[in-house]
>>> print(open('protein.tsv').read())   # TSV, C-alpha atoms
chain	number	residue	atom	x	y	z
A	264	MET	CA	4.44	36.17	101.40
A	265	ARG	CA	2.92	39.63	100.93
A	266	ILE	CA	2.18	40.21	97.24
A	267	VAL	CA	0.73	43.00	95.10
A	268	VAL	CA	-0.94	41.81	91.88
A	269	ALA	CA	-1.28	44.13	88.88
A	270	GLU	CA	-3.33	42.80	85.95
A	271	ASP	CA	-5.90	44.63	83.84
A	272	SER	CA	-7.94	41.54	82.94
A	273	VAL	CA	-10.45	41.20	85.77
A	274	LEU	CA	-10.88	37.46	85.25
A	275	PHE	CA	-7.15	36.75	85.20
A	276	ARG	CA	-6.54	39.09	88.15
A	277	GLU	CA	-9.21	37.40	90.27
A	278	GLY	CA	-8.01	33.96	89.27
A	279	LEU	CA	-4.39	34.80	90.05
A	280	THR	CA	-5.36	36.33	93.39
A	281	ARG	CA	-7.30	33.20	94.31
A	282	LEU	CA	-4.44	30.95	93.18
A	283	LEU	CA	-1.90	32.90	95.23
A	284	GLY	CA	-4.18	32.65	98.25
A	285	ASP	CA	-4.47	28.89	97.77
A	286	LEU	CA	-0.67	28.72	97.70
A	287	GLY	CA	-0.61	30.40	101.12
A	288	HIS	CA	0.32	33.93	100.06
A	289	ASP	CA	-1.24	37.18	101.23
A	290	VAL	CA	-2.37	39.38	98.33
A	291	VAL	CA	-2.32	42.82	99.96
A	292	ALA	CA	-3.57	44.61	96.81
A	293	ALA	CA	-4.91	43.63	93.39
A	294	VAL	CA	-5.07	46.47	90.87
A	295	GLY	CA	-5.76	46.99	87.16
A	296	ASP	CA	-3.44	49.80	86.01
A	297	THR	CA	0.08	51.06	86.60
A	298	PRO	CA	-0.75	54.23	88.59
A	299	ALA	CA	-2.71	52.06	91.04
A	300	LEU	CA	0.18	49.58	91.09
A	301	LEU	CA	2.75	52.21	92.06
A	302	THR	CA	0.43	53.57	94.75
A	303	ALA	CA	-0.25	50.09	96.15
A	304	VAL	CA	3.46	49.24	96.27
A	305	ALA	CA	4.28	52.50	98.04
A	306	GLU	CA	1.50	52.03	100.59
A	307	THR	CA	1.83	48.30	101.33
A	308	ARG	CA	5.57	47.67	100.73
A	309	PRO	CA	5.08	44.05	99.64
A	310	GLN	CA	7.78	41.44	99.33
A	311	LEU	CA	6.82	40.86	95.72
A	312	ALA	CA	4.91	42.56	92.91
A	313	VAL	CA	3.43	40.31	90.20
A	314	VAL	CA	2.87	42.56	87.20
A	315	ASP	CA	1.36	42.17	83.73
A	316	VAL	CA	3.65	43.69	81.10
A	317	ARG	CA	0.80	45.29	79.11
A	318	MET	CA	-1.47	47.45	81.25
A	319	PRO	CA	-3.39	50.73	81.18
A	320	PRO	CA	-3.14	53.59	80.70
A	321	GLU	CA	-1.27	53.05	77.42
A	322	GLN	CA	-1.76	49.27	77.09
A	323	GLU	CA	1.78	48.82	75.83
A	324	SER	CA	4.71	48.05	78.13
A	325	ASP	CA	3.37	50.09	81.06
A	326	GLY	CA	3.89	47.21	83.47
A	327	ALA	CA	7.51	46.77	82.44
A	328	ARG	CA	8.18	50.48	82.89
A	329	ALA	CA	6.48	50.33	86.28
A	330	ALA	CA	8.80	47.45	87.22
A	331	VAL	CA	11.81	49.65	86.50
A	332	SER	CA	10.27	52.39	88.65
A	333	ILE	CA	9.59	50.00	91.53
A	334	ARG	CA	13.16	48.72	91.42
A	335	ALA	CA	14.52	52.28	91.44
A	336	SER	CA	12.38	53.32	94.41
A	337	ASP	CA	12.81	50.15	96.49
A	338	PRO	CA	15.34	47.51	95.31
A	339	ALA	CA	14.26	45.18	98.14
A	340	ILE	CA	10.89	44.49	96.47
A	341	GLY	CA	10.98	41.56	94.07
A	342	VAL	CA	9.24	42.02	90.71
A	343	LEU	CA	7.84	39.18	88.61
A	344	LEU	CA	6.56	40.21	85.17
A	345	LEU	CA	3.92	38.13	83.40
A	346	SER	CA	3.24	38.39	79.69
A	347	GLN	CA	1.27	36.68	76.96
A	348	HIS	CA	4.12	37.33	74.53
A	349	ILE	CA	7.78	38.22	75.00
A	350	GLU	CA	8.24	42.00	75.23
A	351	LEU	CA	11.63	43.09	76.54
A	352	ARG	CA	12.25	46.63	75.31
A	353	HIS	CA	11.46	48.40	78.56
A	354	CYS	CA	12.88	45.94	81.09
A	355	MET	CA	16.27	45.03	79.63
A	356	GLU	CA	18.07	46.79	82.47
A	357	LEU	CA	16.37	44.42	84.94
A	358	ILE	CA	17.06	41.19	83.06
A	359	GLY	CA	19.50	39.05	85.02
A	360	THR	CA	19.46	41.28	88.10
A	361	ALA	CA	18.64	40.05	91.59
A	362	GLY	CA	14.98	39.95	92.56
A	363	PHE	CA	13.56	39.97	89.04
A	364	GLY	CA	11.58	37.42	87.04
A	365	TYR	CA	9.83	37.26	83.68
A	366	LEU	CA	7.45	34.41	82.88
A	367	LEU	CA	4.94	33.76	80.14
A	368	LYS	CA	1.42	33.56	81.55
A	369	ASP	CA	0.90	29.90	80.73
A	370	ARG	CA	3.62	29.07	83.30
A	371	VAL	CA	1.14	30.04	86.01
A	372	LEU	CA	-0.64	26.75	85.31
A	373	HIS	CA	2.43	24.83	86.51
A	374	LEU	CA	1.75	25.57	90.17
A	375	ASP	CA	4.89	24.11	91.74
A	376	GLN	CA	7.17	25.85	89.26
A	377	PHE	CA	5.24	29.10	89.56
A	378	ASP	CA	5.37	29.07	93.34
A	379	ASP	CA	9.08	28.29	93.22
A	380	ALA	CA	9.58	31.30	90.94
A	381	LEU	CA	7.64	33.52	93.35
A	382	HIS	CA	9.79	32.52	96.31
A	383	ARG	CA	13.00	32.73	94.29
A	384	VAL	CA	12.36	36.29	93.08
A	385	ALA	CA	11.14	37.49	96.48
A	386	ALA	CA	14.34	36.12	98.02
A	387	GLY	CA	16.50	38.10	95.58
A	388	GLY	CA	16.96	35.40	92.96
A	389	VAL	CA	16.21	35.29	89.25
A	390	ALA	CA	13.39	33.50	87.41
A	391	LEU	CA	13.33	33.75	83.62
A	392	ASP	CA	11.06	31.80	81.33
A	393	PRO	CA	13.05	29.45	79.07
A	394	GLU	CA	11.47	31.15	76.05
A	395	VAL	CA	12.66	34.53	77.29
A	396	VAL	CA	16.19	33.20	77.63
A	397	GLN	CA	16.05	31.70	74.14
A	398	ALA	CA	14.75	34.96	72.66
A	399	LEU	CA	17.70	36.80	74.18
A	400	VAL	CA	20.43	34.31	73.45
A	401	HIS	CA	19.96	32.20	70.36
A	402	SER	CA	20.05	34.95	67.73
A	403	ARG	CA	23.81	35.32	68.13
A	404	GLN	CA	26.58	34.68	70.64
A	405	ALA	CA	28.78	37.38	72.08
A	406	PRO	CA	32.57	36.98	71.70
A	407	ALA	CA	32.87	36.71	75.50
A	408	LEU	CA	31.02	33.40	75.35
A	409	GLY	CA	33.05	31.94	72.52
A	410	GLY	CA	35.36	30.07	74.88
A	411	LEU	CA	32.59	28.18	76.68
A	412	THR	CA	32.10	24.50	75.98
A	413	GLU	CA	28.69	23.18	74.95
A	414	ARG	CA	28.11	21.83	78.45
A	415	GLU	CA	29.15	25.13	80.06
A	416	THR	CA	26.73	26.95	77.78
A	417	GLN	CA	23.95	24.56	78.84
A	418	VAL	CA	24.78	25.17	82.51
A	419	LEU	CA	24.81	28.95	82.07
A	420	GLU	CA	21.49	28.91	80.22
A	421	LEU	CA	19.92	27.09	83.17
A	422	VAL	CA	21.52	29.58	85.57
A	423	ALA	CA	19.94	32.35	83.48
A	424	GLN	CA	16.55	30.71	84.00
A	425	GLY	CA	17.16	30.94	87.75
A	426	HIS	CA	17.97	27.32	88.62
A	427	SER	CA	20.24	26.47	91.54
A	428	ASN	CA	23.29	24.23	91.13
A	429	THR	CA	21.33	21.36	92.67
A	430	ALA	CA	18.47	21.80	90.19
A	431	ILE	CA	20.90	22.11	87.27
A	432	GLY	CA	22.54	18.86	88.32
A	433	ALA	CA	19.16	17.11	88.35
A	434	ILE	CA	18.22	18.48	84.92
A	435	LEU	CA	21.56	17.62	83.26
A	436	VAL	CA	22.12	14.43	85.31
A	437	LEU	CA	25.31	15.77	86.86
A	438	SER	CA	26.56	15.82	90.41
A	439	GLU	CA	26.36	19.15	92.21
A	440	ARG	CA	30.15	19.14	92.49
A	441	THR	CA	30.43	18.80	88.71
A	442	VAL	CA	28.07	21.74	88.24
A	443	GLU	CA	30.20	23.77	90.66
A	444	THR	CA	33.28	22.87	88.60
A	445	HIS	CA	31.54	24.08	85.43
A	446	MET	CA	30.56	27.32	87.19
A	447	ARG	CA	34.16	27.97	88.28
A	448	SER	CA	35.28	27.42	84.71
A	449	ILE	CA	32.57	29.77	83.39
A	450	PHE	CA	33.57	32.49	85.87
A	451	GLY	CA	37.21	32.12	84.85
A	452	LYS	CA	36.51	32.27	81.11
A	453	LEU	CA	34.27	35.34	81.54
A	454	GLY	CA	36.91	37.05	83.68
A	455	LEU	CA	34.63	37.24	86.75
A	456	LEU	CA	36.98	37.23	89.72
A	457	ASP	CA	35.74	36.51	93.23
A	458	ASP	CA	36.59	39.94	94.63
A	459	GLY	CA	33.85	39.93	97.27
A	460	ALA	CA	32.26	43.06	95.80
A	461	THR	CA	30.23	41.61	92.93
A	462	HIS	CA	27.71	38.84	92.47
A	463	ARG	CA	29.51	36.68	89.91
A	464	ARG	CA	26.49	34.52	89.21
A	465	VAL	CA	24.34	37.52	88.28
A	466	ARG	CA	27.14	39.08	86.23
A	467	ALA	CA	27.59	35.80	84.33
A	468	VAL	CA	23.87	35.75	83.56
A	469	VAL	CA	23.94	39.37	82.36
A	470	THR	CA	26.90	38.60	80.08
A	471	TYR	CA	25.05	35.62	78.69
A	472	LEU	CA	21.81	37.50	78.09
A	473	GLU	CA	23.57	40.46	76.53
A	474	SER	CA	24.78	38.10	73.82
A	475	GLY	CA	21.24	38.11	72.40
A	476	ARG	CA	20.14	41.72	72.83
A	477	THR	CA	19.21	41.96	69.15
A	478	SER	CA	16.18	39.77	69.94
A	479	SER	CA	14.88	42.21	72.55
A	480	GLY	CA	12.41	43.76	70.18
A	481	ARG	CA	10.43	40.56	69.69
>>> encode(input="protein.tsv", output="structure tokens")
Amino acid sequence: MRIVVAEDSVLFREGLTRLLGDLGHDVVAAVGDTPALLTAVAETRPQLAVVDVRMPPEQESDGARAAVSIRASDPAIGVLLLSQHIELRHCMELIGTAGFGYLLKDRVLHLDQFDDALHRVAAGGVALDPEVVQALVHSRQAPALGGLTERETQVLELVAQGHSNTAIGAILVLSERTVETHMRSIFGKLGLLDDGATHRRVRAVVTYLESGRTSSGR
């Protein structure tokens, strides 16, 4: 997979670049600030950009704002944000959308899970750190979710993290058919009809995450 890495810490950037190479990926550019990131993405057109949330020039949420810019200019490029702490103010519009991920940096140490997240996001899927999901959701629940059972809520939280039905079944010790039944029930209760024009799974995730928007300033 062709990847652009954007991280202002030289040590972390070099370590991440080496790790990605060991996993069989091709790091086509490794940069330390957001202007260089946007240039590298435009010139190399990678499959995925792995971006630190806090980067120069402002050292705030420059990486998150760059992610929004990348998505606007080329929706086919997956974006995976990495952060030491949860900072969601400038990427809320991307949360739950196809080809976007947000992981805390310590997840990089779990190589199999990290590599799975890379492939998932590059393929147009979603990969959200469990702590990110909790920050968004557990402060309050939106009325739209009030009709979900406890098990359906568990299933939807795992969907929000980016897990497939097969993986959800393994985590909750359920058959894949049972998970599919829960998903049909969730879609029905959220009013997400299979009209062929919308991605119901993504819309369900967005509805779920919007239930905790008051935590987005953490």
>>> axis_aligned_box(input="protein.tsv", around="stretch 328-333 of chain A", padding_each_side="3 Å", output="JSON")
{"center_x": 9.1, "center_y": 49.9, "center_z": 87.2, "size_x": 11.3, "size_y": 10.9, "size_z": 14.6}
>>> atom_distance(input="protein.tsv", atom1="atom CA of A:Gly278", atom2="atom CA of A:Lys368")
12.2 Å
>>> closest_atom_pairs(input="protein.tsv", of="stretch 335-401 of chain A", to="stretch 317-325 of chain A", cutoff="8 Å", atoms="only C-alpha atoms", output="CSV")
residue,atom,partner,partner_atom,distance
A:Ser346,CA,A:Arg317,CA,7.3
A:Glu350,CA,A:Ser324,CA,7.6
A:His353,CA,A:Ser324,CA,6.8
>>> closest_residue(input="protein.tsv", among="A:Val384, A:Ala330, A:Leu345, A:Val291", to="A:Phe275", atoms="all atoms listed in the file")
A:Leu345
>>> residues_around(input="protein.tsv", residues="A:Leu274", least_positions_apart="5", cutoff="12 Å", atoms="only C-alpha atoms", output="PyMOL selection string")
chain A and resi 279-281+293+295
>>> residues_near_point(input="protein.tsv", point="(13.6, 41.1, 92.4)", cutoff="9 Å", atoms="all atoms listed in the file", output="MDAnalysis selection string")
chainID A and resid 311:312 334 338:343 357 360:364 383:389
>>> residues_around(input="protein.tsv", residues="A:Leu408", least_positions_apart="6", cutoff="10 Å", atoms="all atoms listed in the file", output="PyMOL selection string")
chain A and resi 415-416+449+452-453+467+470-471+474
>>> build_atoms(input="protein.tsv", residues="stretch 307-338 of chain A", atoms="N, CA and C atoms", output="PDB file, in the frame of the given file")
ATOM      1  N   THR A 307       1.813  49.607 100.656  1.00  0.00           N
ATOM      2  CA  THR A 307       1.830  48.300 101.330  1.00  0.00           C
ATOM      3  C   THR A 307       3.226  47.717 101.496  1.00  0.00           C
ATOM      4  N   ARG A 308       4.192  48.193 100.702  1.00  0.00           N
ATOM      5  CA  ARG A 308       5.570  47.670 100.730  1.00  0.00           C
ATOM      6  C   ARG A 308       5.579  46.143 100.767  1.00  0.00           C
ATOM      7  N   PRO A 309       5.135  45.513  99.680  1.00  0.00           N
ATOM      8  CA  PRO A 309       5.080  44.050  99.640  1.00  0.00           C
ATOM      9  C   PRO A 309       6.467  43.448  99.464  1.00  0.00           C
ATOM     10  N   GLN A 310       6.539  42.148  99.631  1.00  0.00           N
ATOM     11  CA  GLN A 310       7.780  41.440  99.330  1.00  0.00           C
ATOM     12  C   GLN A 310       7.936  41.215  97.836  1.00  0.00           C
ATOM     13  N   LEU A 311       6.792  41.179  97.140  1.00  0.00           N
ATOM     14  CA  LEU A 311       6.820  40.860  95.720  1.00  0.00           C
ATOM     15  C   LEU A 311       5.674  41.551  94.996  1.00  0.00           C
ATOM     16  N   ALA A 312       5.954  42.039  93.788  1.00  0.00           N
ATOM     17  CA  ALA A 312       4.910  42.560  92.910  1.00  0.00           C
ATOM     18  C   ALA A 312       4.840  41.665  91.670  1.00  0.00           C
ATOM     19  N   VAL A 313       3.656  41.138  91.383  1.00  0.00           N
ATOM     20  CA  VAL A 313       3.430  40.310  90.200  1.00  0.00           C
ATOM     21  C   VAL A 313       2.690  41.193  89.198  1.00  0.00           C
ATOM     22  N   VAL A 314       3.320  41.478  88.072  1.00  0.00           N
ATOM     23  CA  VAL A 314       2.870  42.560  87.200  1.00  0.00           C
ATOM     24  C   VAL A 314       2.720  42.101  85.755  1.00  0.00           C
ATOM     25  N   ASP A 315       1.569  42.409  85.160  1.00  0.00           N
ATOM     26  CA  ASP A 315       1.360  42.170  83.730  1.00  0.00           C
ATOM     27  C   ASP A 315       2.172  43.198  82.950  1.00  0.00           C
ATOM     28  N   VAL A 316       2.837  42.773  81.893  1.00  0.00           N
ATOM     29  CA  VAL A 316       3.650  43.690  81.100  1.00  0.00           C
ATOM     30  C   VAL A 316       2.798  44.757  80.429  1.00  0.00           C
ATOM     31  N   ARG A 317       1.676  44.349  79.827  1.00  0.00           N
ATOM     32  CA  ARG A 317       0.800  45.290  79.110  1.00  0.00           C
ATOM     33  C   ARG A 317      -0.371  45.683  80.000  1.00  0.00           C
ATOM     34  N   MET A 318      -0.416  46.963  80.365  1.00  0.00           N
ATOM     35  CA  MET A 318      -1.470  47.450  81.250  1.00  0.00           C
ATOM     36  C   MET A 318      -1.856  48.867  80.878  1.00  0.00           C
ATOM     37  N   PRO A 319      -3.034  49.326  81.361  1.00  0.00           N
ATOM     38  CA  PRO A 319      -3.390  50.730  81.180  1.00  0.00           C
ATOM     39  C   PRO A 319      -2.405  51.599  81.985  1.00  0.00           C
ATOM     40  N   PRO A 320      -2.234  52.883  81.606  1.00  0.00           N
ATOM     41  CA  PRO A 320      -3.140  53.590  80.700  1.00  0.00           C
ATOM     42  C   PRO A 320      -2.841  53.440  79.215  1.00  0.00           C
ATOM     43  N   GLU A 321      -1.616  53.070  78.837  1.00  0.00           N
ATOM     44  CA  GLU A 321      -1.270  53.050  77.420  1.00  0.00           C
ATOM     45  C   GLU A 321      -1.458  51.679  76.780  1.00  0.00           C
ATOM     46  N   GLN A 322      -1.587  50.635  77.585  1.00  0.00           N
ATOM     47  CA  GLN A 322      -1.760  49.270  77.090  1.00  0.00           C
ATOM     48  C   GLN A 322      -0.596  48.818  76.211  1.00  0.00           C
ATOM     49  N   GLU A 323       0.583  49.294  76.528  1.00  0.00           N
ATOM     50  CA  GLU A 323       1.780  48.820  75.830  1.00  0.00           C
ATOM     51  C   GLU A 323       2.669  48.107  76.844  1.00  0.00           C
ATOM     52  N   SER A 324       3.818  48.690  77.158  1.00  0.00           N
ATOM     53  CA  SER A 324       4.710  48.050  78.130  1.00  0.00           C
ATOM     54  C   SER A 324       4.683  48.813  79.454  1.00  0.00           C
ATOM     55  N   ASP A 325       3.491  49.294  79.842  1.00  0.00           N
ATOM     56  CA  ASP A 325       3.370  50.090  81.060  1.00  0.00           C
ATOM     57  C   ASP A 325       3.831  49.305  82.286  1.00  0.00           C
ATOM     58  N   GLY A 326       3.491  48.015  82.333  1.00  0.00           N
ATOM     59  CA  GLY A 326       3.890  47.210  83.470  1.00  0.00           C
ATOM     60  C   GLY A 326       5.391  47.058  83.580  1.00  0.00           C
ATOM     61  N   ALA A 327       6.055  46.896  82.441  1.00  0.00           N
ATOM     62  CA  ALA A 327       7.510  46.770  82.440  1.00  0.00           C
ATOM     63  C   ALA A 327       8.165  48.067  82.899  1.00  0.00           C
ATOM     64  N   ARG A 328       7.630  49.199  82.447  1.00  0.00           N
ATOM     65  CA  ARG A 328       8.180  50.480  82.890  1.00  0.00           C
ATOM     66  C   ARG A 328       7.927  50.690  84.382  1.00  0.00           C
ATOM     67  N   ALA A 329       6.773  50.236  84.850  1.00  0.00           N
ATOM     68  CA  ALA A 329       6.480  50.330  86.280  1.00  0.00           C
ATOM     69  C   ALA A 329       7.458  49.476  87.087  1.00  0.00           C
ATOM     70  N   ALA A 330       7.842  48.320  86.540  1.00  0.00           N
ATOM     71  CA  ALA A 330       8.800  47.450  87.220  1.00  0.00           C
ATOM     72  C   ALA A 330      10.134  48.168  87.417  1.00  0.00           C
ATOM     73  N   VAL A 331      10.566  48.888  86.398  1.00  0.00           N
ATOM     74  CA  VAL A 331      11.810  49.650  86.500  1.00  0.00           C
ATOM     75  C   VAL A 331      11.675  50.724  87.584  1.00  0.00           C
ATOM     76  N   SER A 332      10.514  51.367  87.637  1.00  0.00           N
ATOM     77  CA  SER A 332      10.270  52.390  88.650  1.00  0.00           C
ATOM     78  C   SER A 332      10.269  51.812  90.058  1.00  0.00           C
ATOM     79  N   ILE A 333       9.627  50.656  90.218  1.00  0.00           N
ATOM     80  CA  ILE A 333       9.590  50.000  91.530  1.00  0.00           C
ATOM     81  C   ILE A 333      10.996  49.646  91.980  1.00  0.00           C
ATOM     82  N   ARG A 334      11.793  49.089  91.069  1.00  0.00           N
ATOM     83  CA  ARG A 334      13.160  48.720  91.420  1.00  0.00           C
ATOM     84  C   ARG A 334      13.977  49.940  91.808  1.00  0.00           C
ATOM     85  N   ALA A 335      13.769  51.064  91.129  1.00  0.00           N
ATOM     86  CA  ALA A 335      14.520  52.280  91.440  1.00  0.00           C
ATOM     87  C   ALA A 335      14.135  52.844  92.803  1.00  0.00           C
ATOM     88  N   SER A 336      12.854  52.736  93.151  1.00  0.00           N
ATOM     89  CA  SER A 336      12.380  53.320  94.410  1.00  0.00           C
ATOM     90  C   SER A 336      12.626  52.416  95.606  1.00  0.00           C
ATOM     91  N   ASP A 337      12.602  51.082  95.386  1.00  0.00           N
ATOM     92  CA  ASP A 337      12.810  50.150  96.490  1.00  0.00           C
ATOM     93  C   ASP A 337      13.383  48.837  95.964  1.00  0.00           C
ATOM     94  N   PRO A 338      14.705  48.716  95.873  1.00  0.00           N
ATOM     95  CA  PRO A 338      15.340  47.510  95.310  1.00  0.00           C
ATOM     96  C   PRO A 338      15.040  46.242  96.094  1.00  0.00           C
TER      97      PRO A 338
END
